[in-house]
$ cat protein_11.pdb   # PDB, C-alpha atoms, pLDDT in the B column
ATOM      1  CA  MET A  23     -98.128  94.479  71.758  1.00 53.00           C
ATOM      2  CA  ILE A  24     -97.453  91.069  70.155  1.00 58.00           C
ATOM      3  CA  ALA A  25     -98.246  92.481  66.703  1.00 51.00           C
ATOM      4  CA  ARG A  26     -95.817  95.332  67.329  1.00 52.00           C
ATOM      5  CA  LEU A  27     -93.028  92.914  68.327  1.00 43.00           C
ATOM      6  CA  GLY A  28     -93.732  90.871  65.205  1.00 45.00           C
ATOM      7  CA  LEU A  29     -93.502  94.003  63.082  1.00 38.00           C
ATOM      8  CA  ILE A  30     -90.213  94.992  64.721  1.00 47.00           C
ATOM      9  CA  ALA A  31     -88.782  91.493  64.190  1.00 43.00           C
ATOM     10  CA  THR A  32     -89.849  91.507  60.537  1.00 43.00           C
ATOM     11  CA  LEU A  33     -88.341  94.946  60.012  1.00 40.00           C
ATOM     12  CA  ALA A  34     -85.067  93.867  61.634  1.00 45.00           C
ATOM     13  CA  LEU A  35     -84.899  90.776  59.412  1.00 42.00           C
ATOM     14  CA  PHE A  36     -85.600  92.863  56.307  1.00 43.00           C
ATOM     15  CA  LEU A  37     -82.900  95.392  57.209  1.00 43.00           C
ATOM     16  CA  GLY A  38     -80.413  92.585  57.858  1.00 49.00           C
ATOM     17  CA  LEU A  39     -81.104  91.028  54.457  1.00 43.00           C
ATOM     18  CA  LEU A  40     -80.920  94.415  52.765  1.00 43.00           C
ATOM     19  CA  GLY A  41     -77.579  95.072  54.433  1.00 48.00           C
ATOM     20  CA  ALA A  42     -76.207  91.728  53.281  1.00 47.00           C
ATOM     21  CA  CYS A  43     -77.253  92.440  49.692  1.00 45.00           C
ATOM     22  CA  GLY A  44     -75.668  95.861  49.835  1.00 43.00           C
ATOM     23  CA  GLU A  45     -72.468  94.442  51.260  1.00 44.00           C
ATOM     24  CA  GLN A  46     -72.110  92.029  48.315  1.00 46.00           C
ATOM     25  CA  ALA A  47     -72.661  94.844  45.825  1.00 45.00           C
ATOM     26  CA  VAL A  48     -70.051  97.003  47.573  1.00 44.00           C
ATOM     27  CA  GLN A  49     -67.646  94.064  47.792  1.00 55.00           C
ATOM     28  CA  ASP A  50     -67.879  93.401  44.047  1.00 63.00           C
ATOM     29  CA  ASP A  51     -67.292  97.101  43.289  1.00 86.00           C
ATOM     30  CA  THR A  52     -63.551  96.845  43.904  1.00 95.00           C
ATOM     31  CA  PRO A  53     -61.013  94.591  42.206  1.00 97.00           C
ATOM     32  CA  SER A  54     -60.117  92.960  45.538  1.00 97.00           C
ATOM     33  CA  GLY A  55     -63.812  92.502  46.292  1.00 96.00           C
ATOM     34  CA  ALA A  56     -64.411  90.907  42.895  1.00 96.00           C
ATOM     35  CA  TYR A  57     -61.445  88.587  43.539  1.00 97.00           C
ATOM     36  CA  ARG A  58     -62.832  87.527  46.922  1.00 97.00           C
ATOM     37  CA  SER A  59     -66.370  87.206  45.592  1.00 95.00           C
ATOM     38  CA  PHE A  60     -65.193  84.960  42.746  1.00 96.00           C
ATOM     39  CA  PHE A  61     -63.404  82.509  45.035  1.00 97.00           C
ATOM     40  CA  ASP A  62     -66.211  82.671  47.640  1.00 96.00           C
ATOM     41  CA  GLU A  63     -68.728  81.618  44.976  1.00 97.00           C
ATOM     42  CA  LEU A  64     -66.455  78.807  43.781  1.00 96.00           C
ATOM     43  CA  ALA A  65     -66.058  77.596  47.371  1.00 97.00           C
ATOM     44  CA  LYS A  66     -69.853  77.475  47.730  1.00 97.00           C
ATOM     45  CA  GLY A  67     -70.080  75.297  44.628  1.00 95.00           C
ATOM     46  CA  ASN A  68     -71.620  78.042  42.473  1.00 96.00           C
ATOM     47  CA  THR A  69     -69.143  77.555  39.643  1.00 94.00           C
ATOM     48  CA  GLN A  70     -71.212  78.942  36.786  1.00 93.00           C
ATOM     49  CA  ASP A  71     -72.280  82.017  38.794  1.00 94.00           C
ATOM     50  CA  ALA A  72     -68.664  82.626  39.799  1.00 95.00           C
ATOM     51  CA  LEU A  73     -67.445  82.370  36.220  1.00 94.00           C
ATOM     52  CA  GLU A  74     -70.189  84.622  34.882  1.00 91.00           C
ATOM     53  CA  LYS A  75     -69.338  87.271  37.491  1.00 90.00           C
ATOM     54  CA  LEU A  76     -65.615  87.134  36.722  1.00 92.00           C
ATOM     55  CA  ALA A  77     -65.395  86.653  32.966  1.00 92.00           C
ATOM     56  CA  PRO A  78     -65.744  89.440  30.418  1.00 89.00           C
ATOM     57  CA  GLU A  79     -68.877  89.456  28.263  1.00 86.00           C
ATOM     58  CA  GLY A  80     -68.795  86.626  25.735  1.00 85.00           C
ATOM     59  CA  ALA A  81     -65.594  85.026  27.060  1.00 87.00           C
ATOM     60  CA  LEU A  82     -67.298  81.880  28.369  1.00 88.00           C
ATOM     61  CA  GLY A  83     -68.890  81.220  24.997  1.00 84.00           C
ATOM     62  CA  SER A  84     -65.499  81.265  23.288  1.00 80.00           C
ATOM     63  CA  THR A  85     -63.682  77.937  23.366  1.00 75.00           C
ATOM     64  CA  PHE A  86     -60.305  79.643  23.338  1.00 74.00           C
ATOM     65  CA  LYS A  87     -60.983  82.350  25.937  1.00 75.00           C
ATOM     66  CA  GLY A  88     -63.485  80.429  28.039  1.00 83.00           C
ATOM     67  CA  GLY A  89     -61.227  77.417  28.463  1.00 90.00           C
ATOM     68  CA  SER A  90     -58.855  79.197  30.826  1.00 91.00           C
ATOM     69  CA  TYR A  91     -61.728  80.232  33.116  1.00 92.00           C
ATOM     70  CA  TYR A  92     -63.063  76.677  33.295  1.00 92.00           C
ATOM     71  CA  MET A  93     -59.538  75.343  33.880  1.00 94.00           C
ATOM     72  CA  LEU A  94     -59.135  77.688  36.861  1.00 94.00           C
ATOM     73  CA  ALA A  95     -62.469  76.494  38.284  1.00 95.00           C
ATOM     74  CA  ARG A  96     -61.424  72.828  37.875  1.00 95.00           C
ATOM     75  CA  GLU A  97     -58.032  73.535  39.456  1.00 96.00           C
ATOM     76  CA  PHE A  98     -59.774  75.212  42.392  1.00 96.00           C
ATOM     77  CA  ASP A  99     -62.196  72.277  42.826  1.00 96.00           C
ATOM     78  CA  ALA A 100     -59.294  69.809  42.779  1.00 97.00           C
ATOM     79  CA  GLN A 101     -57.477  71.837  45.444  1.00 97.00           C
ATOM     80  CA  MET A 102     -60.603  71.870  47.642  1.00 97.00           C
ATOM     81  CA  GLU A 103     -60.960  68.080  47.269  1.00 97.00           C
ATOM     82  CA  ARG A 104     -57.325  67.576  48.181  1.00 97.00           C
ATOM     83  CA  HIS A 105     -56.950  70.163  50.950  1.00 97.00           C
ATOM     84  CA  GLY A 106     -60.423  70.881  52.353  1.00 97.00           C
ATOM     85  CA  ASN A 107     -62.657  73.916  52.259  1.00 96.00           C
ATOM     86  CA  VAL A 108     -61.433  77.482  51.989  1.00 97.00           C
ATOM     87  CA  GLU A 109     -60.347  78.968  55.298  1.00 97.00           C
ATOM     88  CA  GLU A 110     -59.279  82.383  54.083  1.00 97.00           C
ATOM     89  CA  ILE A 111     -58.802  84.507  50.994  1.00 97.00           C
ATOM     90  CA  ILE A 112     -55.815  86.820  51.362  1.00 97.00           C
ATOM     91  CA  ILE A 113     -55.083  89.795  49.129  1.00 98.00           C
ATOM     92  CA  ASP A 114     -51.318  90.302  49.051  1.00 98.00           C
ATOM     93  CA  ARG A 115     -51.093  93.146  46.583  1.00 97.00           C
ATOM     94  CA  GLU A 116     -53.224  95.342  44.368  1.00 97.00           C
ATOM     95  CA  ASP A 117     -51.347  97.179  41.629  1.00 97.00           C
ATOM     96  CA  ASN A 118     -53.281  99.950  39.899  1.00 96.00           C
ATOM     97  CA  TYR A 119     -52.110 100.249  36.309  1.00 95.00           C
ATOM     98  CA  SER A 120     -54.830 102.842  35.688  1.00 95.00           C
ATOM     99  CA  ASP A 121     -58.328 103.723  36.924  1.00 92.00           C
ATOM    100  CA  GLU A 122     -59.636 100.975  34.644  1.00 95.00           C
ATOM    101  CA  GLU A 123     -57.013  98.239  35.107  1.00 97.00           C
ATOM    102  CA  VAL A 124     -55.783  96.616  38.332  1.00 98.00           C
ATOM    103  CA  MET A 125     -53.701  93.518  39.061  1.00 98.00           C
ATOM    104  CA  VAL A 126     -54.708  91.629  42.208  1.00 98.00           C
ATOM    105  CA  GLU A 127     -52.262  89.137  43.706  1.00 98.00           C
ATOM    106  CA  GLY A 128     -53.711  86.887  46.375  1.00 98.00           C
ATOM    107  CA  ARG A 129     -53.751  83.478  48.001  1.00 98.00           C
ATOM    108  CA  ILE A 130     -56.529  81.067  48.828  1.00 98.00           C
ATOM    109  CA  VAL A 131     -55.797  79.220  52.064  1.00 98.00           C
ATOM    110  CA  PHE A 132     -57.388  75.796  52.476  1.00 98.00           C
ATOM    111  CA  ARG A 133     -58.304  73.955  55.670  1.00 97.00           C
ATOM    112  CA  ASP A 134     -55.035  72.005  55.839  1.00 97.00           C
ATOM    113  CA  GLY A 135     -52.987  75.206  55.467  1.00 97.00           C
ATOM    114  CA  THR A 136     -52.130  74.698  51.797  1.00 97.00           C
ATOM    115  CA  GLU A 137     -52.113  77.930  49.820  1.00 97.00           C
ATOM    116  CA  MET A 138     -53.069  78.478  46.199  1.00 97.00           C
ATOM    117  CA  PRO A 139     -51.489  81.717  44.937  1.00 97.00           C
ATOM    118  CA  ARG A 140     -53.342  83.371  42.072  1.00 97.00           C
ATOM    119  CA  GLY A 141     -53.003  86.681  40.307  1.00 97.00           C
ATOM    120  CA  ILE A 142     -55.881  88.061  38.273  1.00 97.00           C
ATOM    121  CA  ARG A 143     -55.846  91.213  36.151  1.00 97.00           C
ATOM    122  CA  PHE A 144     -59.114  93.150  36.407  1.00 97.00           C
ATOM    123  CA  THR A 145     -60.506  95.754  34.042  1.00 96.00           C
ATOM    124  CA  ARG A 146     -63.584  97.926  34.450  1.00 95.00           C
ATOM    125  CA  GLU A 147     -66.171  96.909  31.832  1.00 92.00           C
ATOM    126  CA  ASN A 148     -69.756  98.132  31.745  1.00 88.00           C
ATOM    127  CA  GLY A 149     -69.600  99.280  35.363  1.00 89.00           C
ATOM    128  CA  ARG A 150     -68.176  96.061  36.840  1.00 92.00           C
ATOM    129  CA  TRP A 151     -64.747  94.597  37.454  1.00 95.00           C
ATOM    130  CA  VAL A 152     -64.018  91.586  35.254  1.00 95.00           C
ATOM    131  CA  GLY A 153     -61.040  89.274  35.487  1.00 95.00           C
ATOM    132  CA  HIS A 154     -58.633  88.331  32.740  1.00 94.00           C
ATOM    133  CA  ILE A 155     -56.939  84.987  33.198  1.00 88.00           C
TER     134      ILE A 155
END

$ encode --input "protein_11.pdb" --output "structure tokens"
Amino acid sequence: MIARLGLIATLALFLGLLGACGEQAVQDDTPSGAYRSFFDELAKGNTQDALEKLAPEGALGSTFKGGSYYMLAREFDAQMERHGNVEEIIIDREDNYSDEEVMVEGRIVFRDGTEMPRGIRFTRENGRWVGHI
């Protein structure tokens, strides 16, 4: 009986973790999801992971292209220092230019109510949505 309860608890934990992993993959599979995921990762302090998820292949290695991505991350960090953690990420508009290109307009709302508006153009590259800043 105790072994059976342990097995059920383990199975429930495994299914919960599997569901969370699946949710992240589904979230990143849309331009709005990629937008939210990017700012969520930045808010958690995972700057490099966030940038690698958002930026097109090779962009971070390029001083010219990569600089704008790092500037956005620094701007975001400064806003969090000034206004507190992220309370909400709001998607205001998603304009589909084509099946492969979408503009996402959104706002990051910080603890003190300050909002940081940011638009990011996403394109579908190698099966994932990448942002162009």

$ atom_distance --input "protein_11.pdb" --atom1 "atom CA of Glu110 of chain A" --atom2 "atom CA of Phe98 of chain A"
13.7 Å

$ residues_near_point --input "protein_11.pdb" --point "(-64.1, 78.8, 47.4)" --cutoff "10 Å" --atoms "only C-alpha atoms" --output "count of residues only"
26

$ resolve_selection --input "protein_11.pdb" --expression "the PyMOL selection byres ((chain A and resi 151-153) around 8)" --output "PyMOL selection string"
chain A and resi 50-53+56+75-78+142-147+149-150+154-155

$ atom_distance --input "protein_11.pdb" --atom1 "atom CA of Gly141 of chain A" --atom2 "atom CA of Ser90 of chain A"
13.4 Å

$ residues_around --input "protein_11.pdb" --residues "His105 of chain A" --least-positions-apart "5" --cutoff "7 Å" --atoms "all atoms listed in the file" --output "number ranges by chain"
A: 132-134, 136

$ write_last_selection --input "protein_11.pdb" --atoms "C-alpha atoms" --output "short mmCIF file (atom, residue, chain, number, x, y, z; two decimals), keeping the file's coordinate frame"
data_model
loop_
_atom_site.label_atom_id
_atom_site.label_comp_id
_atom_site.auth_asym_id
_atom_site.auth_seq_id
_atom_site.Cartn_x
_atom_site.Cartn_y
_atom_site.Cartn_z
CA PHE A 132 -57.39 75.80 52.48
CA ARG A 133 -58.30 73.96 55.67
CA ASP A 134 -55.04 72.00 55.84
CA THR A 136 -52.13 74.70 51.80
#

$ atom_distance --input "protein_11.pdb" --atom1 "atom CA of Ile112 of chain A" --atom2 "atom CA of Tyr57 of chain A"
9.8 Å
